[in-house]
Amino acid sequence: MPVESSTRSSRHRTTYPISFIVVGGGIAGLACALALRRVGHRVTVLERMERSAARGENGVRVPPNLSKILKASIMTKLVFMRYESGELLGEHVWDAELLEETQGLFLMLSHSELYDILCDTNMELGAEVRFNVEAVKVDAPGNSVVLSNGERLSGDVLIGADGEHGECRTAVLGRRDPGTPTGLAVYDTLILMAFVSEFDTTVSEESWQFAAFGRGQGVVAYRIRRSEEIAFQLYAADVADGGCYEDGPSVDLACITRDNEISEKLGRAVQGARRATRIPVRQYADLEDWVSDDGRLVLIGEAAHPFPPSTIQGTAMAVEDGAVLAKLFSHLTSEDQIDSFLYAFQEIRQSRVGDVREAELAGIFTITADGPEAAARDASVRAKAAMGVNVLEGDGSTESVWEEYGVVFGYNCEDEADEWWVQWGRLRQRALEVDAESEPQLQITPAS
């Protein structure tokens with residue numbers, strides 16, 4: 001799966017290359033580093049884990065707004081059912097005209113595949129990617145970071161891509177931010193396709209994504225790795241404290257599902273699942289500033305806007321961040337522009353990310369709803385299926401969560417950065433040039 005940019009053939013390169021230090025070598029950090037290298041800047045990525053530990057095995061869904069930046073298995077259909085009974089509620093086949101309009105596709109792949117693509121391409125393009133190095137102090141005023149071995153690294157700009165619990169978010173916010181528990185967690189695992197196909201022949205159909213609606217629990221599943229495995233993400237009650245992807249697989253899914261009613265096929269699939277990684281679903285308040293008041297430190301990805309785990313747009317928003325930042329800095333011609341570009345990045349991204357994150361959290365609450373809300377949701381889906389139409393089209397309770405997706409998927413982040421440059425950036429650059437030209441020059445008269 002090659003890495004492509006929607007504007008690769010016309011990519012603008014800076015005439016004033018500077019150095020960036022990216023703290024955090026996950027998807028957000030690597031995607032940002034790659035974008036910056038492509039426009040001519042120097043980049044060092046610092047990842048505290050070994051590469052083998054940083055590349056997870058869980059699945060990643062890539063929506064059209066991301067696939068137009070990164071070109072993997074294609075998903076064309078959503079299948080909805082009841083978690084407890086296995087009742088098929090309806091289907092949604094993505095409209096070819098919609099996908100053509102958004103200029104992207106729905107792709108499905110593993111985290112490790114995406115990670116390796118980004119990491120290897122970074123190295124090919126000359127970015128320095130360092131593993132097993134931990135930044136223990138972020139010095140925004142000094143544009144530097146201190147590593148656990150005492151080494152200090154300095155750059156022109158620091159990029160915080162070390163997640164919601166990292167040092168960079170703490171440096172900008174001034175405190176740790178644990179978030180607010182929702183009572184839910186996602187249990188993320190894999191199931192062999194060969195195991196499931198023994199009792200469910202429908203899984204042999206290509207290009208699907210499956211969602212099961214339940215009372216307080218729900219499932220999202222899709223095929224990855226050339227359809228050899230199924231990425232299986234169970235949303236259910238959180239049963240412990242803490243938890244993150246770095247903890248690795250530790251939970252037996254059968255222990256989570258055994259006290260609740262579950263359909264026969266889902267129950268059998270759970271029996272074949274590998275141990276799952278538990279990640280709590282938390283809500284985070286929006287940060288007022290993504291740029292430090294004390295220096296040239298900017299937050300991206302989960303460090304700036306933590307998303308619910310395993311949602312379709314979490315990865316997309318992180319990659320979009322890097323694309324926008326690089327697009328802005330492709331126009332860099334002097335040091336005087338750096339601060340304005342950082343704040344332009346924040347201005348472009350904040351409202352976009354806030355709206356998408358709210359929709360993603362609402363999606364989780366929709367598939368796990370109970371009571372009248374769940375009854376209305378299921379009735380809406382059944383009615384659409386009975387009419388033979390896509391269940392996410394038209395008016396109804398279920399569509400309210402997805403109604404903005406046409407706008408979300410059709411978004412081109414690089415176009416937004418270009419629009420800012422045309423409307424504001426170029427004018428500011430010209431103003432700086434005029435000011436420089438009008439400054440009186442010091443005349444020195446030789447002594448007689």
# chains A, B, ... in the order shown; residues from 1 in each chain; ligands from 1

$ select_by_dssp --residues "segment 111-263 of chain A" --states "strand (DSSP E or B)" --output "PyMOL selection string"
chain A and resi 128-131+135-139+144-147+152-154+157-160+180-192+208-213+218-224+229-237+251

$ residues_around --residues "Ile364 of chain A" --least-positions-apart "4" --cutoff "9 Å" --atoms "only C-alpha atoms" --output "list of chain:residue names"
A:Gly218, A:Tyr235, A:Pro308, A:Thr311, A:Ala359, A:Glu360, A:Thr368, A:Ala369

$ residues_around --residues "segment 166-180 of chain A" --least-positions-apart "6" --cutoff "6 Å" --atoms "only C-alpha atoms" --output "list in words"
Gly160, Arg282, Gln283, Tyr284, Ser292 and Ala303 of chain A

$ select_by_dssp --residues "segment 182-300 of chain A" --states "helix (DSSP H, G or I)" --output "VMD selection string"
chain A and resid 193 to 197 201 to 204 245 to 247 253 to 257 264 to 271

$ closest_atom_pairs --of "segment 125-217 of chain A" --to "segment 222-226 of chain A" --cutoff "7 Å" --atoms "only C-alpha atoms" --output "JSON lines"
{"residue": "A:Trp208", "atom": "CA", "partner": "A:Tyr222", "partner_atom": "CA", "distance": 6.4}
{"residue": "A:Gln209", "atom": "CA", "partner": "A:Tyr222", "partner_atom": "CA", "distance": 4.7}
{"residue": "A:Phe210", "atom": "CA", "partner": "A:Tyr222", "partner_atom": "CA", "distance": 6.2}

$ residues_around --residues "Phe345 of chain A" --least-positions-apart "3" --cutoff "6 Å" --atoms "only C-alpha atoms" --output "number ranges by chain"
A: 325, 342, 348

$ closest_atom_pairs --of "segment 93-164 of chain A" --to "segment 25-44 of chain A" --cutoff "6 Å" --atoms "only C-alpha atoms" --output "Markdown table"
| residue | atom | partner | partner_atom | distance |
| --- | --- | --- | --- | --- |
| A:Leu118 | CA | A:Leu30 | CA | 6.0 |
| A:Asn122 | CA | A:Leu34 | CA | 5.2 |
| A:Ala127 | CA | A:Val43 | CA | 5.3 |
| A:Glu128 | CA | A:Thr44 | CA | 4.7 |
| A:Val129 | CA | A:Thr44 | CA | 5.9 |
| A:Ala161 | CA | A:Gly29 | CA | 5.2 |

$ closest_residue --among "A:Asp200, A:Arg215, A:His92, A:Val22" --to "Arg130 of chain A" --atoms "only C-alpha atoms"
A:Val22

$ residues_around --residues "Ile21 of chain A" --least-positions-apart "3" --cutoff "9 Å" --atoms "only C-alpha atoms" --output "short mmCIF file (atom, residue, chain, number, x, y, z; two decimals) with all heavy atoms, in the first residue's frame"
data_model
loop_
_atom_site.label_atom_id
_atom_site.label_comp_id
_atom_site.auth_asym_id
_atom_site.auth_seq_id
_atom_site.Cartn_x
_atom_site.Cartn_y
_atom_site.Cartn_z
N ALA A 33 5.91 13.83 10.62
CA ALA A 33 7.31 13.86 10.21
C ALA A 33 7.45 13.63 8.71
O ALA A 33 8.21 14.32 8.02
CB ALA A 33 8.10 12.82 10.99
N ARG A 42 13.87 19.51 8.12
CA ARG A 42 14.62 18.50 8.85
C ARG A 42 13.79 18.03 10.05
O ARG A 42 13.22 18.85 10.77
CB ARG A 42 15.96 19.07 9.34
CG ARG A 42 16.84 19.60 8.21
CD ARG A 42 18.17 20.12 8.73
NE ARG A 42 17.99 21.27 9.64
CZ ARG A 42 17.87 22.51 9.25
NH1 ARG A 42 17.88 22.81 7.95
NH2 ARG A 42 17.73 23.50 10.13
N VAL A 43 13.75 16.70 10.26
CA VAL A 43 12.87 16.16 11.29
C VAL A 43 13.58 15.06 12.07
O VAL A 43 14.23 14.18 11.50
CB VAL A 43 11.58 15.57 10.67
CG1 VAL A 43 10.60 15.16 11.78
CG2 VAL A 43 10.91 16.56 9.73
N THR A 44 13.42 15.14 13.41
CA THR A 44 13.85 14.06 14.31
C THR A 44 12.64 13.59 15.10
O THR A 44 11.93 14.40 15.70
CB THR A 44 14.94 14.53 15.28
OG1 THR A 44 16.09 14.95 14.55
CG2 THR A 44 15.34 13.42 16.23
N VAL A 45 12.38 12.28 15.07
CA VAL A 45 11.25 11.69 15.80
C VAL A 45 11.79 10.92 16.99
O VAL A 45 12.72 10.11 16.85
CB VAL A 45 10.44 10.75 14.90
CG1 VAL A 45 9.26 10.15 15.67
CG2 VAL A 45 9.95 11.48 13.66
N LEU A 46 11.21 11.15 18.16
CA LEU A 46 11.63 10.48 19.39
C LEU A 46 10.51 9.57 19.89
O LEU A 46 9.43 10.05 20.26
CB LEU A 46 11.97 11.51 20.46
CG LEU A 46 12.98 12.61 20.07
CD1 LEU A 46 13.12 13.62 21.20
CD2 LEU A 46 14.33 11.98 19.72
N ASN A 143 13.00 25.63 23.35
CA ASN A 143 12.81 24.81 22.15
C ASN A 143 13.63 23.52 22.21
O ASN A 143 14.29 23.14 21.24
CB ASN A 143 13.19 25.59 20.89
CG ASN A 143 12.22 26.72 20.58
OD1 ASN A 143 11.12 26.76 21.11
ND2 ASN A 143 12.65 27.65 19.74
N SER A 144 13.56 22.86 23.37
CA SER A 144 14.39 21.67 23.54
C SER A 144 13.67 20.63 24.40
O SER A 144 12.69 20.94 25.09
CB SER A 144 15.74 22.03 24.17
OG SER A 144 15.55 22.55 25.47
N VAL A 145 14.17 19.42 24.34
CA VAL A 145 13.67 18.34 25.19
C VAL A 145 14.88 17.65 25.84
O VAL A 145 15.97 17.61 25.26
CB VAL A 145 12.84 17.31 24.40
CG1 VAL A 145 11.59 17.94 23.83
CG2 VAL A 145 13.67 16.66 23.29
N LEU A 153 18.13 17.80 23.32
CA LEU A 153 18.00 18.02 21.88
C LEU A 153 17.23 19.31 21.65
O LEU A 153 16.20 19.56 22.29
CB LEU A 153 17.25 16.86 21.22
CG LEU A 153 17.90 15.48 21.30
CD1 LEU A 153 16.98 14.44 20.67
CD2 LEU A 153 19.25 15.48 20.62
N SER A 154 17.72 20.13 20.73
CA SER A 154 17.07 21.40 20.42
C SER A 154 16.63 21.44 18.96
O SER A 154 17.24 20.81 18.10
CB SER A 154 18.03 22.57 20.69
OG SER A 154 18.42 22.62 22.04
N GLY A 155 15.56 22.18 18.71
CA GLY A 155 15.06 22.36 17.35
C GLY A 155 14.40 23.71 17.23
O GLY A 155 14.24 24.44 18.21
N ASP A 156 14.03 24.07 16.02
CA ASP A 156 13.32 25.33 15.82
C ASP A 156 11.87 25.25 16.29
O ASP A 156 11.31 26.24 16.76
CB ASP A 156 13.37 25.72 14.34
CG ASP A 156 14.79 25.99 13.87
OD1 ASP A 156 15.41 26.93 14.40
OD2 ASP A 156 15.27 25.24 12.98
N VAL A 157 11.27 24.06 16.15
CA VAL A 157 9.89 23.84 16.59
C VAL A 157 9.79 22.46 17.23
O VAL A 157 10.35 21.48 16.72
CB VAL A 157 8.90 23.92 15.39
CG1 VAL A 157 7.48 23.59 15.86
CG2 VAL A 157 8.94 25.29 14.73
N LEU A 158 9.07 22.39 18.35
CA LEU A 158 8.77 21.12 19.01
C LEU A 158 7.34 20.72 18.68
O LEU A 158 6.43 21.54 18.75
CB LEU A 158 8.91 21.23 20.53
CG LEU A 158 10.24 21.75 21.08
CD1 LEU A 158 10.20 21.77 22.61
CD2 LEU A 158 11.42 20.92 20.57
N ILE A 159 7.14 19.46 18.33
CA ILE A 159 5.81 18.95 18.03
C ILE A 159 5.47 17.86 19.04
O ILE A 159 6.17 16.85 19.14
CB ILE A 159 5.73 18.38 16.60
CG1 ILE A 159 6.00 19.50 15.58
CG2 ILE A 159 4.37 17.74 16.34
CD1 ILE A 159 6.03 19.02 14.15
N GLY A 160 4.41 18.08 19.80
CA GLY A 160 3.98 17.11 20.80
C GLY A 160 3.01 16.11 20.20
O GLY A 160 1.86 16.44 19.92
#
